[in-house]
Amino acid sequence: MAGVRLTGSAGGTGEVSFRILDRAGDPVTAYVLEQTKPLHLYVVRTDLAEFRHLHPVLSRDGTWSAPVDLTQPGDYRVLAEFVPEEGDGRPVALGVDRTLPGRWRPATVPAGTQGASGDDGTVEVAVDGTGEVGPDGRLALTVRRVGAEGAVSLGSYLGTYAHLTGFPTDGSAGYVHVHPYGEPEQTEDGTRLTFHTTFDEPGEFRFFVQVRLDGFVHTVPVTAAVR
């Protein structure tokens, strides 16, 4: 990534912009669609208290740009995930750190039973069990309406039932972005989603679960252990 800019101020709408360059230093302008988009962009505060999943627009000169509203100042990671048309077909992830000016204090990531479930006032998500280290792991989550039991009917968001984006809670580098494995399971406790994972090491991850319900996209953070 080159020329990465994160502008604006906390509590208002700013802009994030950047370019993807090839090994010759020329801008990459041809991409393979992945989950209906040529590029996925994540802007995440380093304490994992703020998360944005964006889909910027590509201009003719190879500059990507998108509006972004960040409620708090702090140090942020700007992470782009894409598949270049000229390549081996595997996803590429590039990231840099940028600071949104202002006084701030890192927040503590909820852990244990406190972090195992979360809600945005409408949708509640709960971690079912733990993640697994290995090339063929599974991680299950249950989605339901806040204050109600039973399954919900999830709509499609970017070509799938859910997006799960996670980052290590210890501040180390790395992230995971996965989608449900198979169809949602309708249970009395809620709609159960199972994700295929490939964790290399154990630890705790803060996951941002994105689902569509009643036409609206909801983002709910939860913390899960990987054993």
# chains A, B, ... in the order shown; residues from 1 in each chain; ligands from 1
$ residues_around --residues "range 42-55 of chain A" --least-positions-apart "3" --cutoff "8 Å" --atoms "only C-alpha atoms" --output "PDB file with N, CA and C atoms, in the first residue's frame"
ATOM      1  N   LYS A  37     -16.993  -7.955  -4.292  1.00  0.00           N
ATOM      2  CA  LYS A  37     -16.255  -6.700  -4.314  1.00  0.00           C
ATOM      3  C   LYS A  37     -14.809  -6.928  -4.770  1.00  0.00           C
ATOM      4  N   LEU A  39     -12.227  -5.254  -3.665  1.00  0.00           N
ATOM      5  CA  LEU A  39     -11.312  -5.022  -2.552  1.00  0.00           C
ATOM      6  C   LEU A  39     -12.125  -4.783  -1.280  1.00  0.00           C
ATOM      7  N   ALA A  66     -12.578   6.041   0.187  1.00  0.00           N
ATOM      8  CA  ALA A  66     -13.886   5.765   0.780  1.00  0.00           C
ATOM      9  C   ALA A  66     -14.112   6.704   1.948  1.00  0.00           C
ATOM     10  N   VAL A  68     -15.196   7.504   5.732  1.00  0.00           N
ATOM     11  CA  VAL A  68     -15.138   6.690   6.943  1.00  0.00           C
ATOM     12  C   VAL A  68     -15.486   7.566   8.141  1.00  0.00           C
ATOM     13  N   LEU A  70     -15.271   7.672  12.127  1.00  0.00           N
ATOM     14  CA  LEU A  70     -14.634   7.088  13.301  1.00  0.00           C
ATOM     15  C   LEU A  70     -15.004   7.928  14.514  1.00  0.00           C
ATOM     16  N   THR A  71     -15.580   7.303  15.521  1.00  0.00           N
ATOM     17  CA  THR A  71     -16.102   8.052  16.652  1.00  0.00           C
ATOM     18  C   THR A  71     -15.029   8.463  17.650  1.00  0.00           C
ATOM     19  N   GLN A  72     -13.849   7.815  17.587  1.00  0.00           N
ATOM     20  CA  GLN A  72     -12.823   8.083  18.593  1.00  0.00           C
ATOM     21  C   GLN A  72     -11.457   8.279  17.943  1.00  0.00           C
ATOM     22  N   GLY A  74      -7.221   7.919  17.919  1.00  0.00           N
ATOM     23  CA  GLY A  74      -6.372   6.802  18.304  1.00  0.00           C
ATOM     24  C   GLY A  74      -5.526   6.289  17.165  1.00  0.00           C
ATOM     25  N   ASP A  75      -4.806   5.207  17.445  1.00  0.00           N
ATOM     26  CA  ASP A  75      -3.974   4.550  16.448  1.00  0.00           C
ATOM     27  C   ASP A  75      -4.794   3.477  15.733  1.00  0.00           C
ATOM     28  N   TYR A  76      -4.779   3.518  14.414  1.00  0.00           N
ATOM     29  CA  TYR A  76      -5.602   2.622  13.612  1.00  0.00           C
ATOM     30  C   TYR A  76      -4.754   1.808  12.647  1.00  0.00           C
ATOM     31  N   ARG A  77      -5.230   0.590  12.348  1.00  0.00           N
ATOM     32  CA  ARG A  77      -4.670  -0.220  11.284  1.00  0.00           C
ATOM     33  C   ARG A  77      -5.567  -0.077  10.062  1.00  0.00           C
ATOM     34  N   VAL A  78      -4.968   0.190   8.928  1.00  0.00           N
ATOM     35  CA  VAL A  78      -5.695   0.249   7.655  1.00  0.00           C
ATOM     36  C   VAL A  78      -5.260  -0.977   6.865  1.00  0.00           C
ATOM     37  N   LEU A  79      -6.182  -1.906   6.652  1.00  0.00           N
ATOM     38  CA  LEU A  79      -5.856  -3.211   6.091  1.00  0.00           C
ATOM     39  C   LEU A  79      -6.687  -3.466   4.836  1.00  0.00           C
ATOM     40  N   ALA A  80      -6.020  -3.719   3.712  1.00  0.00           N
ATOM     41  CA  ALA A  80      -6.689  -4.001   2.440  1.00  0.00           C
ATOM     42  C   ALA A  80      -6.530  -5.467   2.090  1.00  0.00           C
ATOM     43  N   PRO A 106      -6.331   3.528  25.516  1.00  0.00           N
ATOM     44  CA  PRO A 106      -6.730   2.214  25.013  1.00  0.00           C
ATOM     45  C   PRO A 106      -7.758   1.545  25.917  1.00  0.00           C
ATOM     46  N   ALA A 107      -8.764   0.957  25.287  1.00  0.00           N
ATOM     47  CA  ALA A 107      -9.797   0.243  26.028  1.00  0.00           C
ATOM     48  C   ALA A 107      -9.376  -1.201  26.267  1.00  0.00           C
ATOM     49  N   THR A 108      -9.953  -1.819  27.273  1.00  0.00           N
ATOM     50  CA  THR A 108      -9.689  -3.229  27.566  1.00  0.00           C
ATOM     51  C   THR A 108     -10.641  -4.097  26.762  1.00  0.00           C
ATOM     52  N   VAL A 109     -10.108  -5.097  26.082  1.00  0.00           N
ATOM     53  CA  VAL A 109     -10.933  -5.997  25.287  1.00  0.00           C
ATOM     54  C   VAL A 109     -11.703  -6.931  26.215  1.00  0.00           C
ATOM     55  N   PHE A 167      -9.200 -10.348  15.042  1.00  0.00           N
ATOM     56  CA  PHE A 167      -7.842  -9.874  15.290  1.00  0.00           C
ATOM     57  C   PHE A 167      -7.387 -10.372  16.656  1.00  0.00           C
ATOM     58  N   THR A 169      -6.186 -10.474  20.359  1.00  0.00           N
ATOM     59  CA  THR A 169      -6.391  -9.484  21.416  1.00  0.00           C
ATOM     60  C   THR A 169      -5.090  -9.040  22.067  1.00  0.00           C
ATOM     61  N   GLY A 171      -2.592  -7.802  20.551  1.00  0.00           N
ATOM     62  CA  GLY A 171      -1.983  -6.734  19.764  1.00  0.00           C
ATOM     63  C   GLY A 171      -1.007  -7.204  18.709  1.00  0.00           C
ATOM     64  N   ARG A 206     -10.623 -11.110  18.964  1.00  0.00           N
ATOM     65  CA  ARG A 206     -11.819 -10.272  18.980  1.00  0.00           C
ATOM     66  C   ARG A 206     -12.407 -10.317  17.579  1.00  0.00           C
ATOM     67  N   PHE A 208     -15.493  -9.541  14.779  1.00  0.00           N
ATOM     68  CA  PHE A 208     -16.575  -8.638  14.402  1.00  0.00           C
ATOM     69  C   PHE A 208     -17.485  -9.395  13.443  1.00  0.00           C
TER      70      PHE A 208
END
$ closest_atom_pairs --of "range 133-226 of chain A" --to "range 114-124 of chain A" --cutoff "7 Å" --atoms "only C-alpha atoms" --output "JSON lines"
{"residue": "A:Val143", "atom": "CA", "partner": "A:Glu124", "partner_atom": "CA", "distance": 5.8}
{"residue": "A:Arg144", "atom": "CA", "partner": "A:Glu124", "partner_atom": "CA", "distance": 5.4}
{"residue": "A:Arg145", "atom": "CA", "partner": "A:Val123", "partner_atom": "CA", "distance": 4.7}
{"residue": "A:Val146", "atom": "CA", "partner": "A:Glu124", "partner_atom": "CA", "distance": 5.3}
{"residue": "A:Val220", "atom": "CA", "partner": "A:Asp119", "partner_atom": "CA", "distance": 5.6}
{"residue": "A:Pro221", "atom": "CA", "partner": "A:Gly118", "partner_atom": "CA", "distance": 6.1}
{"residue": "A:Val222", "atom": "CA", "partner": "A:Ser117", "partner_atom": "CA", "distance": 5.4}
{"residue": "A:Thr223", "atom": "CA", "partner": "A:Gly115", "partner_atom": "CA", "distance": 4.8}
{"residue": "A:Ala224", "atom": "CA", "partner": "A:Ala116", "partner_atom": "CA", "distance": 6.2}
$ write_last_selection --atoms "N, CA and C atoms" --output "PDB file, in the first residue's frame"
ATOM      1  N   VAL A 143     -26.834 -16.636  16.475  1.00  0.00           N
ATOM      2  CA  VAL A 143     -27.382 -15.305  16.234  1.00  0.00           C
ATOM      3  C   VAL A 143     -28.869 -15.313  16.568  1.00  0.00           C
ATOM      4  N   ARG A 144     -29.322 -14.318  17.297  1.00  0.00           N
ATOM      5  CA  ARG A 144     -30.749 -14.181  17.607  1.00  0.00           C
ATOM      6  C   ARG A 144     -31.074 -12.708  17.836  1.00  0.00           C
ATOM      7  N   ARG A 145     -32.349 -12.409  17.970  1.00  0.00           N
ATOM      8  CA  ARG A 145     -32.763 -11.050  18.314  1.00  0.00           C
ATOM      9  C   ARG A 145     -32.547 -10.822  19.812  1.00  0.00           C
ATOM     10  N   VAL A 146     -32.211  -9.601  20.161  1.00  0.00           N
ATOM     11  CA  VAL A 146     -32.035  -9.258  21.566  1.00  0.00           C
ATOM     12  C   VAL A 146     -33.365  -9.434  22.300  1.00  0.00           C
ATOM     13  N   VAL A 220     -21.531  -6.920  15.238  1.00  0.00           N
ATOM     14  CA  VAL A 220     -21.507  -7.249  16.668  1.00  0.00           C
ATOM     15  C   VAL A 220     -20.147  -7.851  17.025  1.00  0.00           C
ATOM     16  N   PRO A 221     -19.425  -7.277  17.994  1.00  0.00           N
ATOM     17  CA  PRO A 221     -18.127  -7.837  18.406  1.00  0.00           C
ATOM     18  C   PRO A 221     -18.284  -8.883  19.510  1.00  0.00           C
ATOM     19  N   VAL A 222     -17.497  -9.949  19.417  1.00  0.00           N
ATOM     20  CA  VAL A 222     -17.426 -10.979  20.452  1.00  0.00           C
ATOM     21  C   VAL A 222     -15.976 -11.441  20.553  1.00  0.00           C
ATOM     22  N   THR A 223     -15.629 -12.046  21.692  1.00  0.00           N
ATOM     23  CA  THR A 223     -14.284 -12.567  21.911  1.00  0.00           C
ATOM     24  C   THR A 223     -14.349 -14.086  21.999  1.00  0.00           C
ATOM     25  N   ALA A 224     -13.447 -14.759  21.292  1.00  0.00           N
ATOM     26  CA  ALA A 224     -13.420 -16.222  21.294  1.00  0.00           C
ATOM     27  C   ALA A 224     -12.004 -16.714  21.531  1.00  0.00           C
TER      28      ALA A 224
END
$ atom_distance --atom1 "CA of Pro135 in chain A" --atom2 "CA of Arg90 in chain A"
16.4 Å
$ closest_residue --among "A:Ala225, A:Leu213, A:Ala148, A:Leu94" --to "Gly166 in chain A" --atoms "only C-alpha atoms"
A:Ala225
$ atom_distance --atom1 "CA of Val152 in chain A" --atom2 "CA of Gly182 in chain A"
16.4 Å
$ atom_distance --atom1 "CA of Asp26 in chain A" --atom2 "CA of Ala2 in chain A"
10.6 Å
$ residues_around --residues "range 172-177 of chain A" --least-positions-apart "3" --cutoff "9 Å" --atoms "only C-alpha atoms" --output "PyMOL selection string"
chain A and resi 163-169+197-199+205+207
$ write_last_selection --atoms "C-alpha atoms" --output "PDB file, in the first residue's frame"
ATOM      1  CA  HIS A 163     -18.743 -12.174   7.618  1.00  0.00           C
ATOM      2  CA  LEU A 164     -16.416 -12.948  10.517  1.00  0.00           C
ATOM      3  CA  THR A 165     -13.345 -10.714  10.809  1.00  0.00           C
ATOM      4  CA  GLY A 166     -11.051 -11.254  13.782  1.00  0.00           C
ATOM      5  CA  PHE A 167      -7.842  -9.874  15.290  1.00  0.00           C
ATOM      6  CA  PRO A 168      -5.589 -11.181  18.114  1.00  0.00           C
ATOM      7  CA  THR A 169      -6.391  -9.484  21.416  1.00  0.00           C
ATOM      8  CA  THR A 197     -10.975 -21.758  10.227  1.00  0.00           C
ATOM      9  CA  THR A 198      -7.210 -22.273   9.783  1.00  0.00           C
ATOM     10  CA  PHE A 199      -5.640 -20.873  12.955  1.00  0.00           C
ATOM     11  CA  PHE A 205      -9.404 -13.183  19.088  1.00  0.00           C
ATOM     12  CA  PHE A 207     -14.275 -11.048  16.199  1.00  0.00           C
TER      13      PHE A 207
END
$ residues_around --residues "Ser59 in chain A" --least-positions-apart "3" --cutoff "12 Å" --atoms "only C-alpha atoms" --output "list in words"
Ser17, Phe18, Arg19, Ile20, Pro27, Val28, Thr29, Ala30, Pro56, Gly62, Thr63, Trp64, Ser65 and Ala66 of chain A
$ closest_residue --among "A:Asp214, A:Arg138, A:Val92, A:Ser153" --to "Thr194 in chain A" --atoms "only C-alpha atoms"
A:Arg138
$ closest_residue --among "A:Gly190, A:Gly155, A:Pro202, A:Gly11" --to "Asp170 in chain A" --atoms "only C-alpha atoms"
A:Pro202
$ residues_around --residues "Tyr31 in chain A" --least-positions-apart "2" --cutoff "7 Å" --atoms "only C-alpha atoms" --output "list in words"
Thr29, Leu33, Pro38, Val83, Pro84 and Glu85 of chain A
$ select_by_dssp --residues "range 51-164 of chain A" --states "strand (DSSP E)" --output "ChimeraX atom specification"
/A:51-54,57-58,63-70,74-82,92-100,117-119,123-128,137-145,163-164
$ write_last_selection --atoms "C-alpha atoms" --output "CSV table (one decimal), in the first residue's frame"
chain,number,residue,atom,x,y,z
A,51,PHE,CA,-14.0,-1.4,13.5
A,52,ARG,CA,-15.1,-0.5,10.0
A,53,HIS,CA,-15.5,-2.8,7.0
A,54,LEU,CA,-15.4,-0.6,3.8
A,57,VAL,CA,-14.0,3.2,-5.1
A,58,LEU,CA,-11.1,2.9,-7.5
A,63,THR,CA,-6.3,5.5,-6.1
A,64,TRP,CA,-8.8,3.8,-3.8
A,65,SER,CA,-10.9,6.1,-1.6
A,66,ALA,CA,-13.9,5.8,0.8
A,67,PRO,CA,-15.6,7.9,3.4
A,68,VAL,CA,-15.1,6.7,6.9
A,69,ASP,CA,-16.7,7.8,10.2
A,70,LEU,CA,-14.6,7.1,13.3
A,74,GLY,CA,-6.4,6.8,18.3
A,75,ASP,CA,-4.0,4.5,16.4
A,76,TYR,CA,-5.6,2.6,13.6
A,77,ARG,CA,-4.7,-0.2,11.3
A,78,VAL,CA,-5.7,0.2,7.7
A,79,LEU,CA,-5.9,-3.2,6.1
A,80,ALA,CA,-6.7,-4.0,2.4
A,81,GLU,CA,-7.6,-7.5,1.2
A,82,PHE,CA,-7.8,-8.3,-2.5
A,92,VAL,CA,-3.3,-10.6,-0.7
A,93,ALA,CA,-3.5,-8.6,2.5
A,94,LEU,CA,-1.6,-5.3,3.0
A,95,GLY,CA,-1.7,-3.0,5.9
A,96,VAL,CA,-0.3,0.1,7.6
A,97,ASP,CA,-0.8,2.0,10.8
A,98,ARG,CA,-2.2,5.6,10.9
A,99,THR,CA,-3.2,7.9,13.7
A,100,LEU,CA,-6.4,10.0,14.1
A,117,SER,CA,-21.5,-12.6,23.7
A,118,GLY,CA,-22.4,-9.2,22.5
A,119,ASP,CA,-25.2,-7.2,20.8
A,123,VAL,CA,-28.9,-8.5,17.2
A,124,GLU,CA,-27.2,-10.7,19.8
A,125,VAL,CA,-24.3,-13.0,18.9
A,126,ALA,CA,-22.9,-15.7,21.2
A,127,VAL,CA,-19.8,-17.8,20.8
A,128,ASP,CA,-20.6,-21.5,20.9
A,137,GLY,CA,-11.0,-26.1,12.3
A,138,ARG,CA,-14.5,-25.0,13.1
A,139,LEU,CA,-15.9,-22.1,15.1
A,140,ALA,CA,-19.7,-21.8,15.8
A,141,LEU,CA,-21.7,-18.7,16.6
A,142,THR,CA,-25.4,-18.3,17.5
A,143,VAL,CA,-27.4,-15.3,16.2
A,144,ARG,CA,-30.7,-14.2,17.6
A,145,ARG,CA,-32.8,-11.1,18.3
A,163,HIS,CA,-18.7,-12.2,7.6
A,164,LEU,CA,-16.4,-12.9,10.5
$ select_by_dssp --residues "range 38-157 of chain A" --states "helix (DSSP H, G or I)" --output "list in words"
Gly112, Thr113, Gln114 and Gly115 of chain A
$ write_last_selection --atoms "N, CA and C atoms" --output "short mmCIF file (atom, residue, chain, number, x, y, z; two decimals), in the first residue's frame"
data_model
loop_
_atom_site.label_atom_id
_atom_site.label_comp_id
_atom_site.auth_asym_id
_atom_site.auth_seq_id
_atom_site.Cartn_x
_atom_site.Cartn_y
_atom_site.Cartn_z
N GLY A 112 -13.31 -13.70 28.42
CA GLY A 112 -14.05 -14.68 29.19
C GLY A 112 -15.53 -14.65 28.85
N THR A 113 -16.36 -14.90 29.86
CA THR A 113 -17.80 -14.92 29.64
C THR A 113 -18.33 -13.54 29.26
N GLN A 114 -17.67 -12.48 29.71
CA GLN A 114 -18.10 -11.13 29.38
C GLN A 114 -17.97 -10.86 27.88
N GLY A 115 -16.92 -11.40 27.27
CA GLY A 115 -16.69 -11.14 25.86
C GLY A 115 -17.30 -12.17 24.93
#
